[in-house]
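Raw contents of target-v2.cif, mmCIF, C-alpha atoms:
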data_query
loop_
_atom_site.label_atom_id
_atom_site.label_comp_id
_atom_site.auth_asym_id
_atom_site.auth_seq_id
_atom_site.Cartn_x
_atom_site.Cartn_y
_atom_site.Cartn_z
CA MET A 1279 24.51 -13.91 148.15
CA SER A 1280 22.47 -11.63 145.89
CA GLU A 1281 22.63 -11.85 142.10
CA LEU A 1282 24.20 -8.41 141.80
CA SER A 1283 26.83 -9.26 144.39
CA GLN A 1284 27.73 -12.43 142.48
CA GLN A 1285 27.94 -10.46 139.23
CA ILE A 1286 30.31 -7.93 140.82
CA THR A 1287 32.55 -10.74 142.10
CA GLU A 1288 32.63 -12.42 138.68
CA ASP A 1289 33.45 -9.10 136.99
CA MET A 1290 36.29 -8.56 139.45
CA LYS A 1291 37.76 -11.95 138.51
CA THR A 1292 37.41 -11.10 134.82
CA ALA A 1293 39.12 -7.73 135.34
CA MET A 1294 41.99 -9.53 137.11
CA ARG A 1295 42.39 -11.99 134.24
CA GLU A 1296 42.26 -9.20 131.66
CA LYS A 1297 44.62 -7.03 133.74
CA ASN A 1298 42.10 -4.16 133.46
CA THR A 1299 43.40 -2.06 136.36
CA VAL A 1300 40.76 0.68 136.17
CA ALA A 1301 37.87 -1.79 136.30
CA LEU A 1302 39.62 -3.91 138.92
CA ASN A 1303 40.31 -0.96 141.24
CA THR A 1304 36.79 0.41 140.77
CA ILE A 1305 35.17 -2.96 141.50
CA ARG A 1306 37.39 -3.53 144.53
CA MET A 1307 36.39 -0.12 145.89
CA LEU A 1308 32.74 -0.95 145.22
CA LYS A 1309 32.99 -4.30 147.03
CA SER A 1310 34.58 -2.50 149.97
CA SER A 1311 31.76 0.07 150.06
CA ILE A 1312 29.16 -2.70 149.87
CA LYS A 1313 30.85 -4.59 152.71
CA ASN A 1314 31.00 -1.42 154.84
CA ALA A 1315 27.31 -0.77 154.22
CA ALA A 1316 26.49 -4.37 155.16
CA ILE A 1317 28.49 -4.07 158.39
CA GLU A 1318 26.64 -0.84 159.25
CA LYS A 1319 23.34 -2.61 158.54
CA GLY A 1320 23.82 -5.70 160.63
CA GLY A 1321 27.34 -6.63 161.62
CA ALA A 1322 30.16 -8.56 159.99
CA ASP A 1323 28.00 -11.39 158.59
CA ALA A 1324 25.26 -9.19 157.12
CA GLU A 1325 24.60 -9.10 153.38
CA LEU A 1326 22.81 -6.46 151.35
CA THR A 1327 19.88 -7.04 149.02
CA ASP A 1328 20.10 -5.97 145.37
CA PRO A 1329 18.18 -2.69 145.98
CA GLU A 1330 20.55 -1.86 148.86
CA ILE A 1331 23.58 -2.61 146.65
CA ILE A 1332 22.12 -0.36 143.94
CA ALA A 1333 21.84 2.44 146.52
CA VAL A 1334 25.54 1.99 147.38
CA ILE A 1335 26.46 2.08 143.67
CA ARG A 1336 24.43 5.29 143.18
CA LYS A 1337 26.23 6.85 146.13
CA GLU A 1338 29.60 5.96 144.59
CA VAL A 1339 28.56 7.39 141.22
CA LYS A 1340 27.45 10.61 142.95
CA LYS A 1341 30.84 10.88 144.70
CA ARG A 1342 32.60 10.62 141.35
CA GLN A 1343 30.33 13.20 139.74
CA ASP A 1344 31.19 15.63 142.53
CA SER A 1345 34.89 14.86 142.11
CA ILE A 1346 34.69 15.47 138.35
CA GLU A 1347 33.26 18.94 138.94
CA GLN A 1348 36.06 19.78 141.37
CA TYR A 1349 38.82 18.37 139.15
CA GLU A 1350 37.56 20.25 136.11
CA ALA A 1351 37.31 23.48 138.12
CA ALA A 1352 40.92 22.94 139.22
CA GLY A 1353 42.09 22.19 135.67
CA ARG A 1354 42.92 18.55 136.39
CA GLN A 1355 41.34 16.96 133.32
CA GLU A 1356 43.30 13.68 133.59
CA LEU A 1357 41.81 13.02 137.04
CA ALA A 1358 38.34 14.00 135.82
CA ASP A 1359 38.69 11.54 132.93
CA GLN A 1360 39.68 8.77 135.33
CA GLU A 1361 36.56 9.46 137.42
CA LYS A 1362 34.42 9.35 134.26
CA THR A 1363 35.88 5.93 133.40
CA GLU A 1364 35.05 4.69 136.89
CA ILE A 1365 31.46 5.97 136.50
CA GLU A 1366 31.13 3.91 133.30
CA VAL A 1367 32.23 0.78 135.21
CA LEU A 1368 29.73 1.50 138.00
CA ASN A 1369 26.86 2.35 135.64
CA ALA A 1370 27.06 -1.18 134.22
CA TYR A 1371 25.56 -2.43 137.51
CA LEU A 1372 22.67 0.04 137.64
CA PRO A 1373 19.25 -0.76 136.20
CA LYS A 1374 18.27 0.97 132.97
CA PRO A 1375 17.24 4.52 133.93
CA LEU A 1376 13.69 5.70 133.40
CA SER A 1377 12.94 8.05 130.52
CA ASP A 1378 11.67 11.58 131.16
CA GLU A 1379 8.19 10.52 130.01
CA GLU A 1380 8.13 7.60 132.46
CA ILE A 1381 9.25 9.84 135.31
CA THR A 1382 6.60 12.45 134.44
CA LYS A 1383 3.89 9.76 134.38
CA ILE A 1384 4.96 8.37 137.77
CA VAL A 1385 5.09 11.90 139.27
CA ASP A 1386 1.62 12.74 137.89
CA GLU A 1387 0.15 9.53 139.31
CA ALA A 1388 1.76 10.11 142.72
CA ILE A 1389 0.49 13.71 142.89
CA ALA A 1390 -3.04 12.54 142.01
CA GLU A 1391 -2.89 9.72 144.56
CA VAL A 1392 -1.66 11.98 147.38
CA GLY A 1393 -3.95 14.83 146.29
CA ALA A 1394 -1.03 17.25 146.49
CA THR A 1395 -1.63 20.84 145.44
CA SER A 1396 1.37 22.69 146.86
CA LYS A 1397 5.01 22.23 147.74
CA LYS A 1398 3.96 21.49 151.32
CA GLU A 1399 3.01 17.97 150.23
CA MET A 1400 6.24 17.43 148.33
CA GLY A 1401 7.60 15.01 150.95
CA GLN A 1402 4.62 12.67 150.60
CA VAL A 1403 4.83 12.78 146.80
CA MET A 1404 8.62 12.19 146.79
CA LYS A 1405 8.27 9.16 149.07
CA LEU A 1406 5.73 7.59 146.73
CA VAL A 1407 7.71 8.48 143.59
CA GLN A 1408 10.94 7.02 145.00
CA GLU A 1409 9.15 3.77 145.89
CA ARG A 1410 7.73 3.47 142.39
CA THR A 1411 10.94 4.27 140.52
CA GLY A 1412 12.80 1.55 142.40
CA GLY A 1413 16.20 3.23 142.13
CA ARG A 1414 15.95 3.76 138.38
CA ALA A 1415 16.20 7.56 138.68
CA ASP A 1416 18.33 9.71 140.97
CA GLY A 1417 16.75 11.85 143.67
CA LYS A 1418 17.77 15.14 142.11
CA THR A 1419 15.94 14.36 138.86
CA LEU A 1420 12.84 13.19 140.74
CA SER A 1421 12.88 16.25 142.96
CA LYS A 1422 13.01 18.58 139.94
CA ALA A 1423 10.13 16.73 138.29
CA VAL A 1424 7.97 16.96 141.41
CA MET A 1425 8.85 20.64 141.98
CA SER A 1426 7.89 21.52 138.40
CA LYS A 1427 4.42 19.99 138.93
CA LEU A 1428 3.72 21.53 142.35
CA SER A 1429 3.44 25.29 142.69
#
Show the structure stored in the file as structure tokens.
Amino acid sequence: MSELSQQITEDMKTAMREKNTVALNTIRMLKSSIKNAAIEKGGADAELTDPEIIAVIRKEVKKRQDSIEQYEAAGRQELADQEKTEIEVLNAYLPKPLSDEEITKIVDEAIAEVGATSKKEMGQVMKLVQERTGGRADGKTLSKAVMSKLS
């Protein structure tokens, strides 16, 4: 069992003891998503690595961000607030995000390494950038950074 998976399980037990229903429900949902991803990967006995778990967590955060936009557009602030609370619980499991300067440096290095000069090479640059950021920045942010450098 990976370290992150153990941490999630321990946090679920703590949330049960503290009767923290928001954290408990969020962590239960996360464990379910992780289990589903593991089953898709390799059957009922499969386990995910920490980077794979982080990808699942990012996906769950993204779902909540989309829900917040829709709830706020519909005037349902209480539901949007609940989603924001869930995002805070999920963010505790994500690695510290990269700063804008770090992202810019990684993008510049990747562009130089690939020798990219136009947006046609964006795919090659993005692949390299995503490998080097190791899940510490979301794809949208990386894409914007690469697009701003390539003309």
Taken to one decimal, the CA of Leu1372 (chain A)-CA of Ser1426 (chain A) distance is 26.1 Å
How many Å lie between CA of Ile1346 (chain A) and CA of Asp1359 (chain A), rounded to one decimal? 7.8 Å
Step by step, work through what the PyMOL selection byres ((chain A and resi 1415) around 9) selects in the shown file, and finish by giving those residues as a VMD selection string. chain A and resid 1374 to 1377 1381 1408 1411 to 1414 1416 to 1420
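Around region 1402-1404 of chain A, within 7 Å and counting only C-alpha atoms, the residues found are A:Ala1388, A:Ile1389, A:Val1392, A:Gln1408, once anything fewer than 4 positions away on its own chain is removed.
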Where does the PyMOL selection byres ((chain A and resi 1428) around 6) land in this file, that is, which residues does it pick, as a PyMOL selection string? chain A and resi 1396-1397+1425-1427+1429
Resolved residues for the PyMOL selection byres ((chain A and resi 1307-1323) around 8) as a list of chain:residue names: A:Ile1286, A:Asn1303, A:Thr1304, A:Ile1305, A:Arg1306, A:Ala1324, A:Glu1325, A:Leu1326, A:Ile1331, A:Val1334, A:Ile1335, A:Glu1338
Expected residue set, 12 Å radius at (25.9, -9.1, 138.3), all atoms listed in the file, as a PyMOL selection string: chain A and resi 1279-1290+1305+1328+1331-1332+1368-1373
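If you look at CA of Glu1356 (chain A) and CA of Lys1341 (chain A), they are 16.9 Å away from each other.
Nearest residue to Lys1362 (chain A), choosing from A:Ala1390, A:Val1385, A:Val1300, A:Ser1421 and counting only C-alpha atoms: A:Val1300.
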Got a sec: who's within 10 Å of Leu1357 (chain A), counting only C-alpha atoms, leaving out chain neighbours fewer than 4 positions off, as JSON, numbers by chain? {"A": [1345, 1346, 1348, 1349, 1350, 1353, 1361, 1362, 1363]}
Complete the atoms of region 1386-1407 of chain A to N, CA and C atoms and put them out as a PDB file, in the frame of the given file.
ATOM      1  N   ASP A1386       3.027  12.355 138.028  1.00  0.00           N
ATOM      2  CA  ASP A1386       1.620  12.740 137.890  1.00  0.00           C
ATOM      3  C   ASP A1386       0.704  11.810 138.681  1.00  0.00           C
ATOM      4  N   GLU A1387       0.969  10.501 138.582  1.00  0.00           N
ATOM      5  CA  GLU A1387       0.150   9.530 139.310  1.00  0.00           C
ATOM      6  C   GLU A1387       0.295   9.708 140.826  1.00  0.00           C
ATOM      7  N   ALA A1388       1.521   9.948 141.275  1.00  0.00           N
ATOM      8  CA  ALA A1388       1.760  10.110 142.720  1.00  0.00           C
ATOM      9  C   ALA A1388       1.070  11.372 143.238  1.00  0.00           C
ATOM     10  N   ILE A1389       1.138  12.457 142.472  1.00  0.00           N
ATOM     11  CA  ILE A1389       0.490  13.710 142.890  1.00  0.00           C
ATOM     12  C   ILE A1389      -1.022  13.499 142.983  1.00  0.00           C
ATOM     13  N   ALA A1390      -1.596  12.809 142.000  1.00  0.00           N
ATOM     14  CA  ALA A1390      -3.040  12.540 142.010  1.00  0.00           C
ATOM     15  C   ALA A1390      -3.410  11.651 143.202  1.00  0.00           C
ATOM     16  N   GLU A1391      -2.592  10.644 143.465  1.00  0.00           N
ATOM     17  CA  GLU A1391      -2.890   9.720 144.560  1.00  0.00           C
ATOM     18  C   GLU A1391      -2.828  10.414 145.922  1.00  0.00           C
ATOM     19  N   VAL A1392      -1.827  11.270 146.105  1.00  0.00           N
ATOM     20  CA  VAL A1392      -1.660  11.980 147.380  1.00  0.00           C
ATOM     21  C   VAL A1392      -2.657  13.145 147.472  1.00  0.00           C
ATOM     22  N   GLY A1393      -3.066  13.656 146.318  1.00  0.00           N
ATOM     23  CA  GLY A1393      -3.950  14.830 146.290  1.00  0.00           C
ATOM     24  C   GLY A1393      -3.174  16.102 146.574  1.00  0.00           C
ATOM     25  N   ALA A1394      -1.906  16.110 146.206  1.00  0.00           N
ATOM     26  CA  ALA A1394      -1.030  17.250 146.490  1.00  0.00           C
ATOM     27  C   ALA A1394      -1.383  18.433 145.593  1.00  0.00           C
ATOM     28  N   THR A1395      -1.353  19.626 146.203  1.00  0.00           N
ATOM     29  CA  THR A1395      -1.630  20.840 145.440  1.00  0.00           C
ATOM     30  C   THR A1395      -0.532  21.887 145.621  1.00  0.00           C
ATOM     31  N   SER A1396       0.301  21.712 146.634  1.00  0.00           N
ATOM     32  CA  SER A1396       1.370  22.690 146.860  1.00  0.00           C
ATOM     33  C   SER A1396       2.656  21.996 147.267  1.00  0.00           C
ATOM     34  N   LYS A1397       3.705  22.790 147.381  1.00  0.00           N
ATOM     35  CA  LYS A1397       5.010  22.230 147.740  1.00  0.00           C
ATOM     36  C   LYS A1397       5.038  21.680 149.163  1.00  0.00           C
ATOM     37  N   LYS A1398       4.023  22.014 149.958  1.00  0.00           N
ATOM     38  CA  LYS A1398       3.960  21.490 151.320  1.00  0.00           C
ATOM     39  C   LYS A1398       3.841  19.963 151.334  1.00  0.00           C
ATOM     40  N   GLU A1399       3.192  19.423 150.311  1.00  0.00           N
ATOM     41  CA  GLU A1399       3.010  17.970 150.230  1.00  0.00           C
ATOM     42  C   GLU A1399       4.119  17.272 149.458  1.00  0.00           C
ATOM     43  N   MET A1400       5.168  17.990 149.141  1.00  0.00           N
ATOM     44  CA  MET A1400       6.240  17.430 148.330  1.00  0.00           C
ATOM     45  C   MET A1400       6.857  16.174 148.956  1.00  0.00           C
ATOM     46  N   GLY A1401       7.012  16.156 150.258  1.00  0.00           N
ATOM     47  CA  GLY A1401       7.600  15.010 150.950  1.00  0.00           C
ATOM     48  C   GLY A1401       6.812  13.737 150.718  1.00  0.00           C
ATOM     49  N   GLN A1402       5.479  13.839 150.815  1.00  0.00           N
ATOM     50  CA  GLN A1402       4.620  12.670 150.600  1.00  0.00           C
ATOM     51  C   GLN A1402       4.742  12.184 149.151  1.00  0.00           C
ATOM     52  N   VAL A1403       4.744  13.131 148.216  1.00  0.00           N
ATOM     53  CA  VAL A1403       4.830  12.780 146.800  1.00  0.00           C
ATOM     54  C   VAL A1403       6.191  12.134 146.516  1.00  0.00           C
ATOM     55  N   MET A1404       7.269  12.717 147.028  1.00  0.00           N
ATOM     56  CA  MET A1404       8.620  12.190 146.790  1.00  0.00           C
ATOM     57  C   MET A1404       8.756  10.765 147.315  1.00  0.00           C
ATOM     58  N   LYS A1405       8.190  10.505 148.489  1.00  0.00           N
ATOM     59  CA  LYS A1405       8.270   9.160 149.070  1.00  0.00           C
ATOM     60  C   LYS A1405       7.630   8.141 148.131  1.00  0.00           C
ATOM     61  N   LEU A1406       6.451   8.481 147.634  1.00  0.00           N
ATOM     62  CA  LEU A1406       5.730   7.590 146.730  1.00  0.00           C
ATOM     63  C   LEU A1406       6.479   7.425 145.406  1.00  0.00           C
ATOM     64  N   VAL A1407       6.984   8.516 144.870  1.00  0.00           N
ATOM     65  CA  VAL A1407       7.710   8.480 143.590  1.00  0.00           C
ATOM     66  C   VAL A1407       8.969   7.629 143.725  1.00  0.00           C
TER      67      VAL A1407
END
